Protein chains: 2
Amino acid sequence: MSVVRTNILEMPGYVPGEQPQGGTFIKINTNECPYPPSPRLERACFEALKKGLNRYPDPMGTQFRNEAAKLFDLPVDYFMVGNGSDDILTILTRTFVGEGEVLRLPYPSYILYKSLAQLQGAQSEEIHFDENWRLTPKFSEAAPNLKLAYLPNPNSPSGTVVSREEILAIAEALPCPLVIDEAYADFSDFNCVDLVLQNKNIIVTRTLSKSYGLAGLRFGFVVAHPDWIAQFIKVKDSYNCDALSIAVATEALKDREWFNSTIAKIKNTRARMDSELREIGFETTPSHANFIWCTHPEWDLKRIYLELKSQNIFVRYMVYDQWSLGNGAGLRISVGSDPEMDVVLERIREFF
Amino acid sequence: MSVVRTNILEMPGYVPGEQPQGGTFIKINTNECPYPPSPRLERACFEALKKGLNRYPDPMGTQFRNEAAKLFDLPVDYFMVGNGSDDILTILTRTFVGEGEVLRLPYPSYILYKSLAQLQGAQSEEIHFDENWRLTPKFSEAAPNLKLAYLPNPNSPSGTVVSREEILAIAEALPCPLVIDEAYADFSDFNCVDLVLQNKNIIVTRTLSKSYGLAGLRFGFVVAHPDWIAQFIKVKDSYNCDALSIAVATEALKDREWFNSTIAKIKNTRARMDSELREIGFETTPSHANFIWCTHPEWDLKRIYLELKSQNIFVRYMVYDQWSLGNGAGLRISVGSDPEMDVVLERIREFF
C-alpha cells in the first residue's frame, strides 16, 4: 500500500450520515427535504430522456446557468454547475490549495472541509466560534500559506448565521478567497450571492439537495467572478453534470410556487419544533436552516440518539471533542414533515 | 489571480470534442454510440424518479455493483462506481500521484491523462509508441517518482490493442499500479478485467458512455483489488452518482440483448468503413474500438475536416506534434450508423 499517497493512506475518510436503504423509518439525520420535489420535474426528466442519452451532455449546463442568472440577476458567466455542491467544493479546494498549504474553516462546522484539505495533502486550520456562535477576529487574520477559507452560512450544526456586513469585512481582511457555503441559505432571511459583485474574493456555493428536495439528483452550483469561473472550468471534469440532472435542475429552479410553499412549510415546522424541544428541556440555537441543534449540559444525548435509532428514527448525534459548550455533544435534528415531527417529539417525551 | 495554484493557472485545460447543441448534423467526433440506449432504461428511470429524489442516493451504488460483479464474475468489493470514467480517472490520479511526482502515459493517446497530472501539480511522462503502435520496453521501466501508469486499451486515437500477456508483463515490471483504461474494450475481442486477480497492480476502468450508449448519463466504474477500492472510497465524493443514473446504468447492464446486437452492428459498420476509407486512399490502422484513425502522408487532413464541418459533419482532427507517422495528424472518425456513414463517405469522395 506504500504506493498510495501518505495523506490519503493516513486519513480516515469523510463519513456521511447513515443512509438506510429500505424499511420504514423517519430519517432526519442528513437535512434532506421531507417532501418530494416539484411534480413538474417528471416531465422535464422524461423529455431529456427522449432526446437520447447516447450523446454527451452540454459541458457547461447552459440551460441551468441561464435560469440561475435570471433568478439571481447576475451575468451568466458568474455561474458554474456541479455534480452536487460536494463536487463544487472539491473543485474550489483543488484550484486554490496545494500540498502543505492551509485551508481555514470555523469549528464546529462542516467536517467535509477538513477531508478536502487532507485529500490535497494540505493543512486545515480550525478557528473556534465563540460561545454565541460568533466568529472571532482570528478568522479574518492573515496567516502563512493560507490559501482558502470556508464559511458555511447558515452554519451546520448550529444553524446560526454571520451577517452580510461581517462577511464583507472578513473578505476585505483575508489574503485569500472566502467561500460562503450557502447550502442552507434558502431557509434563512438573507443570502450573500450578490456580494460576489462587491468583492471578487467572495465565492458562493449552492446545492439543490436541501431546499429543492433534490439530494438524490446531485446538483449544485458556484457563483463567482468570471476570472475564477475560468479556472474552475479547467479543474472540473469536462462533463460533470449529466443530461437528466441538468434538465431536472433547470425545471426545479423555474417552479417558484413549489419552492416558496415548501420553504414556508419548513420554516413553520421549524418554529414549532424549536418551541417544543425547548419545552422538553433541550437548549437550542435559533436556526436559520432546516435543522435544529439541540444540546443539554447534563443529559446523555447519545442514549437518546440510540433509543430513537432503535425505533427507526435517525437523528444525527455529533461530538466535537474540542468544543466545550454542552459538553461538545449535540443532536442535529432535521426539520421533517409535521406528522414525522409529531412522532419524533412524542418518542422523545416518552424517553424521559 | 496569484492566489490560484500555479499548476492550474498555467495549464491550458483539457478541451473535449465539439458538442454542437442544436440543428441537424452528423456527429462522429467523440465516439458516442449512434443508437439510443436500451428502451428498458426509461422504465428504470421512471421508477427511480417515483421513489423520490429528495433522499440522498446510495453512496456505493450497491445495485449496480452487484450487477457488475455478476457480469464479470468477480466479488462485489472489486467494484466502485463513478460519475463517468472521468470521475474514476480523477479519483485514481488523486489517490496515487502527488505534487512533483510522475504519471506515465503512452503517446499518442488520451490527452486527458496529462491534464489530470497537471491538476495534481505532477509531471507526466509520455512514452512513444513505435511506428506499429506497439509499446517499447521503456514503458515498463522504473523511474524516479513514478507513481502511476495509464494505458488505454484499445488506445485512442489509434484503436490498437496491447495483448493480455504483454499487460501482465508490464504490470510485473512496473514499480507502480497500471491502469488499463477500457473505455473501448467492449468493441475488442478481449479485455483485461479478470487480470485484477492475477496482479494487484492492475486496475481496470470502464465507462457506459460508448458501448452502452449512455454518454449523457455519466456513468463509469473501476475494477480493482479491494485494498485499492478502500482508498478510492476516501477520495471520491460521498454521493458521486445520482439515484437516476444508478438505476439506469444497472438496467443497462442487465439488457444483454440490446448490448450484444449493438456491438455487432457497430463492428459490422466498422469493417465496412475501414475498407471504404482505404479504397478512398486513407491509411487506417485495424481498429478494435468504435472509431477509425485515418492518416495520409501527403493529404491536407485539416482541409477535409473543415470541409466536412462546413457541411455539418463533425469528425475529430488531431495533431500530435511529436509524432512523425502521417505527419502527426489524423482524422479520428467514430463509427456512426450505416445511413450516416453513407453520407460521410459520399462527402469525402466528393471532396477529391
# chains A, B, ... in the order shown; residues from 1 in each chain; ligands from 1
call {"tool": "interface_residues", "arguments": {"of": "chain B", "to": "chain A", "cutoff": "6 Å", "atoms": "only C-alpha atoms", "output": "list in words"}}
result
Val4, Arg5, Gly13, Cys33, Pro36, Gly52, Leu53, Asn54, Arg55, Tyr56, Pro57, Phe96, Gly213, Leu214, Ala215, Gly216, Leu217, Arg218, Lys234, Asp242 and Ala243 of chain B
call {"tool": "select_by_dssp", "arguments": {"residues": "region 13-111 of chain B", "states": "strand (DSSP E or B)", "output": "list in words"}}
result
Ile26, Lys27, Ile28, Phe79, Met80, Val81, Gly82, Val102, Leu103, Arg104, Leu105, Pro106 and Tyr107 of chain B
call {"tool": "residues_around", "arguments": {"residues": "region 200-206 of chain B", "least_positions_apart": "3", "cutoff": "9 Å", "atoms": "only C-alpha atoms", "output": "mmCIF file with N, CA and C atoms, in the first residue's frame"}}
result
data_model
loop_
_atom_site.group_PDB
_atom_site.id
_atom_site.type_symbol
_atom_site.label_atom_id
_atom_site.label_comp_id
_atom_site.auth_asym_id
_atom_site.auth_seq_id
_atom_site.Cartn_x
_atom_site.Cartn_y
_atom_site.Cartn_z
ATOM 1 N N GLY B 84 -19.149 8.913 -14.546
ATOM 2 C CA GLY B 84 -18.386 8.837 -15.788
ATOM 3 C C GLY B 84 -17.006 8.285 -15.484
ATOM 4 N N SER B 85 -16.301 7.740 -16.492
ATOM 5 C CA SER B 85 -14.973 7.233 -16.123
ATOM 6 C C SER B 85 -13.990 8.382 -15.912
ATOM 7 N N ILE B 88 -13.700 8.540 -12.313
ATOM 8 C CA ILE B 88 -12.846 7.433 -11.858
ATOM 9 C C ILE B 88 -11.366 7.769 -12.080
ATOM 10 N N LEU B 89 -11.026 8.267 -13.273
ATOM 11 C CA LEU B 89 -9.625 8.587 -13.574
ATOM 12 C C LEU B 89 -9.108 9.685 -12.643
ATOM 13 N N ILE B 167 0.414 -6.989 -21.112
ATOM 14 C CA ILE B 167 -0.054 -6.180 -19.977
ATOM 15 C C ILE B 167 0.376 -6.811 -18.656
ATOM 16 N N LEU B 168 0.260 -8.114 -18.560
ATOM 17 C CA LEU B 168 0.730 -8.794 -17.348
ATOM 18 C C LEU B 168 2.220 -8.560 -17.132
ATOM 19 N N ALA B 171 2.847 -4.994 -15.953
ATOM 20 C CA ALA B 171 2.462 -4.828 -14.545
ATOM 21 C C ALA B 171 3.503 -5.446 -13.611
ATOM 22 N N GLU B 172 4.065 -6.592 -14.029
ATOM 23 C CA GLU B 172 5.119 -7.237 -13.227
ATOM 24 C C GLU B 172 6.334 -6.334 -13.108
ATOM 25 N N LEU B 174 6.586 -2.920 -13.670
ATOM 26 C CA LEU B 174 6.410 -1.554 -13.159
ATOM 27 C C LEU B 174 6.465 -1.499 -11.631
ATOM 28 N N PRO B 175 7.002 -0.386 -11.079
ATOM 29 C CA PRO B 175 7.038 -0.224 -9.625
ATOM 30 C C PRO B 175 5.757 0.419 -9.083
ATOM 31 N N CYS B 176 4.750 0.571 -9.919
ATOM 32 C CA CYS B 176 3.535 1.300 -9.515
ATOM 33 C C CYS B 176 2.312 0.672 -10.172
ATOM 34 N N PRO B 177 1.106 1.024 -9.732
ATOM 35 C CA PRO B 177 -0.096 0.489 -10.375
ATOM 36 C C PRO B 177 -0.187 0.877 -11.858
ATOM 37 N N LEU B 178 -0.802 -0.009 -12.605
ATOM 38 C CA LEU B 178 -1.007 0.181 -14.044
ATOM 39 C C LEU B 178 -2.510 0.208 -14.289
ATOM 40 N N VAL B 179 -3.001 1.363 -14.765
ATOM 41 C CA VAL B 179 -4.431 1.484 -15.031
ATOM 42 C C VAL B 179 -4.707 1.165 -16.490
ATOM 43 N N ILE B 180 -5.502 0.122 -16.716
ATOM 44 C CA ILE B 180 -5.940 -0.189 -18.076
ATOM 45 C C ILE B 180 -7.278 0.503 -18.286
ATOM 46 N N ASP B 181 -7.285 1.526 -19.122
ATOM 47 C CA ASP B 181 -8.497 2.291 -19.393
ATOM 48 C C ASP B 181 -9.251 1.583 -20.521
ATOM 49 N N GLU B 182 -10.287 0.853 -20.138
ATOM 50 C CA GLU B 182 -11.018 0.023 -21.103
ATOM 51 C C GLU B 182 -12.301 0.681 -21.615
ATOM 52 N N ALA B 183 -12.219 1.980 -21.871
ATOM 53 C CA ALA B 183 -13.394 2.692 -22.390
ATOM 54 C C ALA B 183 -13.943 2.022 -23.651
ATOM 55 N N TYR B 184 -13.032 1.439 -24.452
ATOM 56 C CA TYR B 184 -13.443 0.882 -25.741
ATOM 57 C C TYR B 184 -13.348 -0.641 -25.795
ATOM 58 N N ALA B 185 -13.123 -1.277 -24.651
ATOM 59 C CA ALA B 185 -12.841 -2.719 -24.667
ATOM 60 C C ALA B 185 -14.010 -3.560 -25.168
ATOM 61 N N CYS B 192 -9.275 -7.067 -20.064
ATOM 62 C CA CYS B 192 -8.325 -7.426 -19.013
ATOM 63 C C CYS B 192 -8.933 -7.403 -17.621
ATOM 64 N N VAL B 193 -10.264 -7.395 -17.533
ATOM 65 C CA VAL B 193 -10.889 -7.252 -16.217
ATOM 66 C C VAL B 193 -10.418 -8.335 -15.248
ATOM 67 N N LEU B 195 -7.726 -9.836 -15.057
ATOM 68 C CA LEU B 195 -6.309 -9.750 -14.673
ATOM 69 C C LEU B 195 -6.112 -9.076 -13.314
ATOM 70 N N VAL B 196 -7.139 -8.375 -12.828
ATOM 71 C CA VAL B 196 -7.003 -7.761 -11.498
ATOM 72 C C VAL B 196 -6.794 -8.835 -10.427
ATOM 73 N N LEU B 197 -7.202 -10.077 -10.722
ATOM 74 C CA LEU B 197 -6.978 -11.180 -9.774
ATOM 75 C C LEU B 197 -5.554 -11.707 -9.847
ATOM 76 N N PHE B 219 -21.664 7.695 -16.387
ATOM 77 C CA PHE B 219 -21.522 6.535 -15.509
ATOM 78 C C PHE B 219 -20.330 5.689 -15.926
ATOM 79 N N GLY B 220 -19.486 5.413 -14.964
ATOM 80 C CA GLY B 220 -18.339 4.560 -15.200
ATOM 81 C C GLY B 220 -18.054 3.764 -13.936
ATOM 82 N N PHE B 221 -17.076 2.872 -14.002
ATOM 83 C CA PHE B 221 -16.716 2.150 -12.791
ATOM 84 C C PHE B 221 -15.272 1.684 -12.872
ATOM 85 N N VAL B 222 -14.736 1.292 -11.710
ATOM 86 C CA VAL B 222 -13.372 0.793 -11.657
ATOM 87 C C VAL B 222 -13.411 -0.611 -11.073
ATOM 88 N N VAL B 223 -12.546 -1.467 -11.595
ATOM 89 C CA VAL B 223 -12.393 -2.821 -11.073
ATOM 90 C C VAL B 223 -10.969 -2.914 -10.527
ATOM 91 N N ALA B 224 -10.849 -3.229 -9.244
ATOM 92 C CA ALA B 224 -9.525 -3.254 -8.618
ATOM 93 C C ALA B 224 -9.576 -4.056 -7.330
ATOM 94 N N HIS B 225 -8.418 -4.442 -6.854
ATOM 95 C CA HIS B 225 -8.322 -5.156 -5.581
ATOM 96 C C HIS B 225 -9.013 -4.331 -4.483
ATOM 97 N N TRP B 228 -7.322 -1.396 -2.822
ATOM 98 C CA TRP B 228 -7.325 -0.128 -3.563
ATOM 99 C C TRP B 228 -8.700 0.539 -3.456
#
call {"tool": "residues_around", "arguments": {"residues": "Tyr317 (chain A)", "least_positions_apart": "2", "cutoff": "9 Å", "atoms": "only C-alpha atoms", "output": "list in words"}}
result
Asn29, Leu301, Lys302, Tyr305, Leu306, Val315, Val319, Ala329, Gly330, Leu331, Arg332 and Ile333 of chain A
call {"tool": "write_last_selection", "arguments": {"atoms": "all heavy atoms", "output": "JSON list (two decimals), in the first residue's frame"}}
result
[["chain", "number", "residue", "atom", "x", "y", "z"],
["A", 29, "ASN", "N", -31.59, 12.89, 9.69],
["A", 29, "ASN", "CA", -30.17, 12.97, 10.08],
["A", 29, "ASN", "C", -29.28, 13.62, 9.03],
["A", 29, "ASN", "O", -28.12, 13.88, 9.29],
["A", 29, "ASN", "CB", -29.63, 11.56, 10.39],
["A", 29, "ASN", "CG", -29.61, 10.67, 9.16],
["A", 29, "ASN", "OD1", -30.38, 10.90, 8.22],
["A", 29, "ASN", "ND2", -28.76, 9.66, 9.14],
["A", 301, "LEU", "N", -26.96, 12.53, 25.60],
["A", 301, "LEU", "CA", -27.63, 12.66, 24.29],
["A", 301, "LEU", "C", -27.43, 11.42, 23.43],
["A", 301, "LEU", "O", -28.26, 11.10, 22.59],
["A", 301, "LEU", "CB", -27.12, 13.92, 23.58],
["A", 301, "LEU", "CG", -27.40, 15.22, 24.33],
["A", 301, "LEU", "CD1", -26.70, 16.39, 23.63],
["A", 301, "LEU", "CD2", -28.89, 15.49, 24.43],
["A", 302, "LYS", "N", -26.32, 10.73, 23.66],
["A", 302, "LYS", "CA", -26.07, 9.53, 22.88],
["A", 302, "LYS", "C", -27.15, 8.47, 23.16],
["A", 302, "LYS", "O", -27.58, 7.76, 22.25],
["A", 302, "LYS", "CB", -24.68, 8.96, 23.19],
["A", 302, "LYS", "CG", -24.29, 7.85, 22.23],
["A", 302, "LYS", "CD", -22.84, 7.47, 22.31],
["A", 302, "LYS", "CE", -22.51, 6.47, 21.20],
["A", 302, "LYS", "NZ", -21.13, 6.01, 21.29],
["A", 305, "TYR", "N", -30.15, 9.41, 21.19],
["A", 305, "TYR", "CA", -29.89, 9.07, 19.79],
["A", 305, "TYR", "C", -30.09, 7.57, 19.54],
["A", 305, "TYR", "O", -30.79, 7.16, 18.60],
["A", 305, "TYR", "CB", -28.46, 9.50, 19.41],
["A", 305, "TYR", "CG", -27.84, 8.75, 18.27],
["A", 305, "TYR", "CD1", -28.24, 8.97, 16.94],
["A", 305, "TYR", "CD2", -26.82, 7.81, 18.50],
["A", 305, "TYR", "CE1", -27.66, 8.26, 15.90],
["A", 305, "TYR", "CE2", -26.25, 7.11, 17.47],
["A", 305, "TYR", "CZ", -26.66, 7.34, 16.16],
["A", 305, "TYR", "OH", -26.10, 6.65, 15.13],
["A", 306, "LEU", "N", -29.50, 6.74, 20.42],
["A", 306, "LEU", "CA", -29.58, 5.28, 20.23],
["A", 306, "LEU", "C", -31.00, 4.77, 20.45],
["A", 306, "LEU", "O", -31.47, 3.89, 19.72],
["A", 306, "LEU", "CB", -28.60, 4.57, 21.18],
["A", 306, "LEU", "CG", -27.12, 4.73, 20.81],
["A", 306, "LEU", "CD1", -26.23, 4.17, 21.92],
["A", 306, "LEU", "CD2", -26.80, 4.07, 19.47],
["A", 315, "VAL", "N", -31.65, 10.44, 13.88],
["A", 315, "VAL", "CA", -31.19, 11.83, 14.00],
["A", 315, "VAL", "C", -29.66, 11.79, 13.98],
["A", 315, "VAL", "O", -29.07, 10.71, 14.00],
["A", 315, "VAL", "CB", -31.70, 12.51, 15.30],
["A", 315, "VAL", "CG1", -33.23, 12.47, 15.37],
["A", 315, "VAL", "CG2", -31.10, 11.85, 16.54],
["A", 319, "VAL", "N", -20.34, 14.80, 18.06],
["A", 319, "VAL", "CA", -19.47, 15.15, 19.18],
["A", 319, "VAL", "C", -18.31, 15.99, 18.66],
["A", 319, "VAL", "O", -17.64, 15.59, 17.71],
["A", 319, "VAL", "CB", -18.90, 13.89, 19.87],
["A", 319, "VAL", "CG1", -18.05, 14.29, 21.08],
["A", 319, "VAL", "CG2", -20.02, 12.97, 20.30],
["A", 329, "ALA", "N", -21.25, 17.81, 22.72],
["A", 329, "ALA", "CA", -22.12, 16.88, 22.01],
["A", 329, "ALA", "C", -23.48, 17.52, 21.74],
["A", 329, "ALA", "O", -23.88, 18.46, 22.43],
["A", 329, "ALA", "CB", -22.32, 15.61, 22.83],
["A", 330, "GLY", "N", -24.14, 17.03, 20.71],
["A", 330, "GLY", "CA", -25.48, 17.55, 20.41],
["A", 330, "GLY", "C", -26.21, 16.64, 19.45],
["A", 330, "GLY", "O", -25.62, 15.74, 18.84],
["A", 331, "LEU", "N", -27.51, 16.88, 19.36],
["A", 331, "LEU", "CA", -28.31, 16.18, 18.36],
["A", 331, "LEU", "C", -28.69, 17.21, 17.30],
["A", 331, "LEU", "O", -29.24, 18.27, 17.62],
["A", 331, "LEU", "CB", -29.58, 15.60, 18.99],
["A", 331, "LEU", "CG", -29.41, 14.57, 20.10],
["A", 331, "LEU", "CD1", -30.77, 14.15, 20.64],
["A", 331, "LEU", "CD2", -28.62, 13.36, 19.59],
["A", 332, "ARG", "N", -28.36, 16.89, 16.04],
["A", 332, "ARG", "CA", -28.80, 17.77, 14.96],
["A", 332, "ARG", "C", -30.01, 17.10, 14.33],
["A", 332, "ARG", "O", -29.90, 16.04, 13.73],
["A", 332, "ARG", "CB", -27.68, 17.96, 13.94],
["A", 332, "ARG", "CG", -27.91, 19.16, 13.02],
["A", 332, "ARG", "CD", -26.94, 19.16, 11.84],
["A", 332, "ARG", "NE", -27.19, 18.00, 10.99],
["A", 332, "ARG", "CZ", -26.43, 17.66, 9.94],
["A", 332, "ARG", "NH1", -25.37, 18.39, 9.63],
["A", 332, "ARG", "NH2", -26.71, 16.60, 9.22],
["A", 333, "ILE", "N", -31.16, 17.73, 14.50],
["A", 333, "ILE", "CA", -32.42, 17.12, 14.05],
["A", 333, "ILE", "C", -32.96, 17.89, 12.85],
["A", 333, "ILE", "O", -33.27, 19.08, 12.95],
["A", 333, "ILE", "CB", -33.47, 17.12, 15.18],
["A", 333, "ILE", "CG1", -32.87, 16.45, 16.44],
["A", 333, "ILE", "CG2", -34.74, 16.41, 14.74],
["A", 333, "ILE", "CD1", -33.82, 16.35, 17.61]]
call {"tool": "atom_distance", "arguments": {"atom1": "CA of Val335 (chain B)", "atom2": "CA of Gly23 (chain B)"}}
result
20.5 Å
call {"tool": "select_by_dssp", "arguments": {"residues": "region 9-153 of chain B", "states": "helix (DSSP H, G or I)", "output": "PyMOL selection string"}}
result
chain B and resi 9-10+41-50+62-72+76-78+85-96+112-119+137-140
call {"tool": "residues_around", "arguments": {"residues": "Asn145 (chain A)", "least_positions_apart": "2", "cutoff": "9 Å", "atoms": "only C-alpha atoms", "output": "MDAnalysis selection string"}}
result
chainID A and resid 100:103 142:143 147
call {"tool": "write_last_selection", "arguments": {"atoms": "N, CA and C atoms", "output": "mmCIF file, in the first residue's frame"}}
result
data_model
loop_
_atom_site.group_PDB
_atom_site.id
_atom_site.type_symbol
_atom_site.label_atom_id
_atom_site.label_comp_id
_atom_site.auth_asym_id
_atom_site.auth_seq_id
_atom_site.Cartn_x
_atom_site.Cartn_y
_atom_site.Cartn_z
ATOM 1 N N GLY A 100 0.663 21.021 1.553
ATOM 2 C CA GLY A 100 1.333 21.787 2.606
ATOM 3 C C GLY A 100 0.737 23.166 2.830
ATOM 4 N N GLU A 101 -0.193 23.584 1.972
ATOM 5 C CA GLU A 101 -0.810 24.898 2.154
ATOM 6 C C GLU A 101 -1.975 24.787 3.152
ATOM 7 N N VAL A 102 -2.594 25.933 3.423
ATOM 8 C CA VAL A 102 -3.556 25.957 4.530
ATOM 9 C C VAL A 102 -4.966 26.353 4.082
ATOM 10 N N LEU A 103 -5.925 25.595 4.571
ATOM 11 C CA LEU A 103 -7.349 25.865 4.347
ATOM 12 C C LEU A 103 -7.964 26.173 5.707
ATOM 13 N N ALA A 142 -4.538 37.258 8.498
ATOM 14 C CA ALA A 142 -3.631 36.621 7.552
ATOM 15 C C ALA A 142 -2.820 35.557 8.284
ATOM 16 N N ALA A 143 -2.364 34.552 7.540
ATOM 17 C CA ALA A 143 -1.522 33.503 8.137
ATOM 18 C C ALA A 143 -0.655 32.947 7.022
ATOM 19 N N LYS A 147 -4.601 29.778 1.966
ATOM 20 C CA LYS A 147 -4.990 29.883 0.563
ATOM 21 C C LYS A 147 -6.495 29.959 0.338
#
call {"tool": "atom_distance", "arguments": {"atom1": "CA of Glu67 (chain A)", "atom2": "CA of Glu165 (chain A)"}}
result
27.7 Å
call {"tool": "residues_around", "arguments": {"residues": "Gly159 (chain B)", "least_positions_apart": "4", "cutoff": "10 Å", "atoms": "only C-alpha atoms", "output": "list of chain:residue names"}}
result
B:Ser109, B:Trp133, B:Pro152, B:Asn153, B:Pro154, B:Asn155, B:Tyr184, B:Ala185, B:Phe187, B:Ser188, B:Thr284, B:Thr285, B:Pro286, B:Ser287, B:His288, B:Ala289, B:Asn290, B:Phe291, B:Ile292, B:Trp293, B:Arg332
call {"tool": "write_last_selection", "arguments": {"atoms": "C-alpha atoms", "output": "PDB file, in the first residue's frame"}}
result
ATOM      1  CA  SER B 109      -3.105   8.550 -26.558  1.00  0.00           C
ATOM      2  CA  TRP B 133       1.565   1.269 -32.277  1.00  0.00           C
ATOM      3  CA  PRO B 152      -5.854   2.933 -22.749  1.00  0.00           C
ATOM      4  CA  ASN B 153      -6.626  -0.424 -24.320  1.00  0.00           C
ATOM      5  CA  PRO B 154      -7.860  -0.195 -27.046  1.00  0.00           C
ATOM      6  CA  ASN B 155      -5.906   3.021 -27.464  1.00  0.00           C
ATOM      7  CA  TYR B 184     -13.443   0.882 -25.741  1.00  0.00           C
ATOM      8  CA  ALA B 185     -12.841  -2.719 -24.667  1.00  0.00           C
ATOM      9  CA  PHE B 187     -15.562  -3.321 -29.163  1.00  0.00           C
ATOM     10  CA  SER B 188     -12.465  -5.511 -28.894  1.00  0.00           C
ATOM     11  CA  THR B 284      -6.035   3.228 -41.474  1.00  0.00           C
ATOM     12  CA  THR B 285      -4.999   1.115 -38.515  1.00  0.00           C
ATOM     13  CA  PRO B 286      -7.061  -2.027 -37.786  1.00  0.00           C
ATOM     14  CA  SER B 287      -9.464  -0.756 -35.129  1.00  0.00           C
ATOM     15  CA  HIS B 288     -10.570  -2.627 -32.031  1.00  0.00           C
ATOM     16  CA  ALA B 289     -12.695   0.343 -30.941  1.00  0.00           C
ATOM     17  CA  ASN B 290     -15.719   2.287 -32.238  1.00  0.00           C
ATOM     18  CA  PHE B 291     -13.671   4.690 -34.353  1.00  0.00           C
ATOM     19  CA  ILE B 292     -11.088   4.585 -37.111  1.00  0.00           C
ATOM     20  CA  TRP B 293      -7.828   6.525 -37.209  1.00  0.00           C
ATOM     21  CA  ARG B 332     -10.449  10.084 -35.890  1.00  0.00           C
TER      22      ARG B 332
END
call {"tool": "residues_around", "arguments": {"residues": "region 337-346 of chain A", "least_positions_apart": "6", "cutoff": "9 Å", "atoms": "only C-alpha atoms", "output": "MDAnalysis selection string"}}
result
chainID A and resid 26 33:35 265:266 269 273 276:277 280 308 313
call {"tool": "write_last_selection", "arguments": {"atoms": "N, CA, C and O atoms", "output": "PDB file, in the first residue's frame"}}
result
ATOM      1  N   ILE A  26     -38.032   7.119  10.020  1.00  0.00           N
ATOM      2  CA  ILE A  26     -38.067   8.576   9.929  1.00  0.00           C
ATOM      3  C   ILE A  26     -36.617   9.024   9.870  1.00  0.00           C
ATOM      4  O   ILE A  26     -35.837   8.772  10.780  1.00  0.00           O
ATOM      5  N   CYS A  33     -34.921  17.210   2.377  1.00  0.00           N
ATOM      6  CA  CYS A  33     -36.265  17.792   2.360  1.00  0.00           C
ATOM      7  C   CYS A  33     -37.267  16.655   2.568  1.00  0.00           C
ATOM      8  O   CYS A  33     -37.166  15.624   1.919  1.00  0.00           O
ATOM      9  N   PRO A  34     -38.227  16.812   3.496  1.00  0.00           N
ATOM     10  CA  PRO A  34     -39.162  15.705   3.736  1.00  0.00           C
ATOM     11  C   PRO A  34     -40.187  15.550   2.618  1.00  0.00           C
ATOM     12  O   PRO A  34     -40.911  14.555   2.587  1.00  0.00           O
ATOM     13  N   TYR A  35     -40.268  16.525   1.722  1.00  0.00           N
ATOM     14  CA  TYR A  35     -41.281  16.500   0.667  1.00  0.00           C
ATOM     15  C   TYR A  35     -40.659  16.125  -0.672  1.00  0.00           C
ATOM     16  O   TYR A  35     -39.526  16.510  -0.961  1.00  0.00           O
ATOM     17  N   LYS A 265     -43.457  26.007   4.524  1.00  0.00           N
ATOM     18  CA  LYS A 265     -43.835  24.867   5.360  1.00  0.00           C
ATOM     19  C   LYS A 265     -42.706  24.500   6.324  1.00  0.00           C
ATOM     20  O   LYS A 265     -42.922  24.264   7.517  1.00  0.00           O
ATOM     21  N   ILE A 266     -41.490  24.434   5.790  1.00  0.00           N
ATOM     22  CA  ILE A 266     -40.344  24.021   6.609  1.00  0.00           C
ATOM     23  C   ILE A 266     -40.067  25.034   7.718  1.00  0.00           C
ATOM     24  O   ILE A 266     -39.786  24.672   8.863  1.00  0.00           O
ATOM     25  N   THR A 269     -42.691  24.476  10.471  1.00  0.00           N
ATOM     26  CA  THR A 269     -42.401  23.292  11.279  1.00  0.00           C
ATOM     27  C   THR A 269     -41.196  23.541  12.174  1.00  0.00           C
ATOM     28  O   THR A 269     -41.158  23.105  13.327  1.00  0.00           O
ATOM     29  N   MET A 273     -41.062  22.982  16.108  1.00  0.00           N
ATOM     30  CA  MET A 273     -40.067  22.071  16.691  1.00  0.00           C
ATOM     31  C   MET A 273     -39.266  22.766  17.767  1.00  0.00           C
ATOM     32  O   MET A 273     -39.039  22.227  18.854  1.00  0.00           O
ATOM     33  N   GLU A 276     -41.192  23.264  20.986  1.00  0.00           N
ATOM     34  CA  GLU A 276     -41.467  22.014  21.699  1.00  0.00           C
ATOM     35  C   GLU A 276     -40.198  21.382  22.270  1.00  0.00           C
ATOM     36  O   GLU A 276     -40.210  20.807  23.363  1.00  0.00           O
ATOM     37  N   LEU A 277     -39.101  21.465  21.509  1.00  0.00           N
ATOM     38  CA  LEU A 277     -37.834  20.900  22.009  1.00  0.00           C
ATOM     39  C   LEU A 277     -37.364  21.647  23.256  1.00  0.00           C
ATOM     40  O   LEU A 277     -36.846  21.061  24.204  1.00  0.00           O
ATOM     41  N   ILE A 280     -39.417  20.572  26.193  1.00  0.00           N
ATOM     42  CA  ILE A 280     -38.939  19.288  26.716  1.00  0.00           C
ATOM     43  C   ILE A 280     -37.720  19.497  27.612  1.00  0.00           C
ATOM     44  O   ILE A 280     -37.488  18.746  28.555  1.00  0.00           O
ATOM     45  N   LEU A 308     -33.779   6.442  19.909  1.00  0.00           N
ATOM     46  CA  LEU A 308     -34.559   6.807  18.718  1.00  0.00           C
ATOM     47  C   LEU A 308     -34.218   5.876  17.556  1.00  0.00           C
ATOM     48  O   LEU A 308     -35.091   5.407  16.829  1.00  0.00           O
ATOM     49  N   ILE A 313     -35.863   5.818  14.073  1.00  0.00           N
ATOM     50  CA  ILE A 313     -35.827   7.270  13.893  1.00  0.00           C
ATOM     51  C   ILE A 313     -34.359   7.684  13.878  1.00  0.00           C
ATOM     52  O   ILE A 313     -33.648   7.504  14.869  1.00  0.00           O
TER      53      ILE A 313
END
call {"tool": "atom_distance", "arguments": {"atom1": "CA of Pro106 (chain A)", "atom2": "CA of Arg272 (chain A)"}}
result
28.8 Å
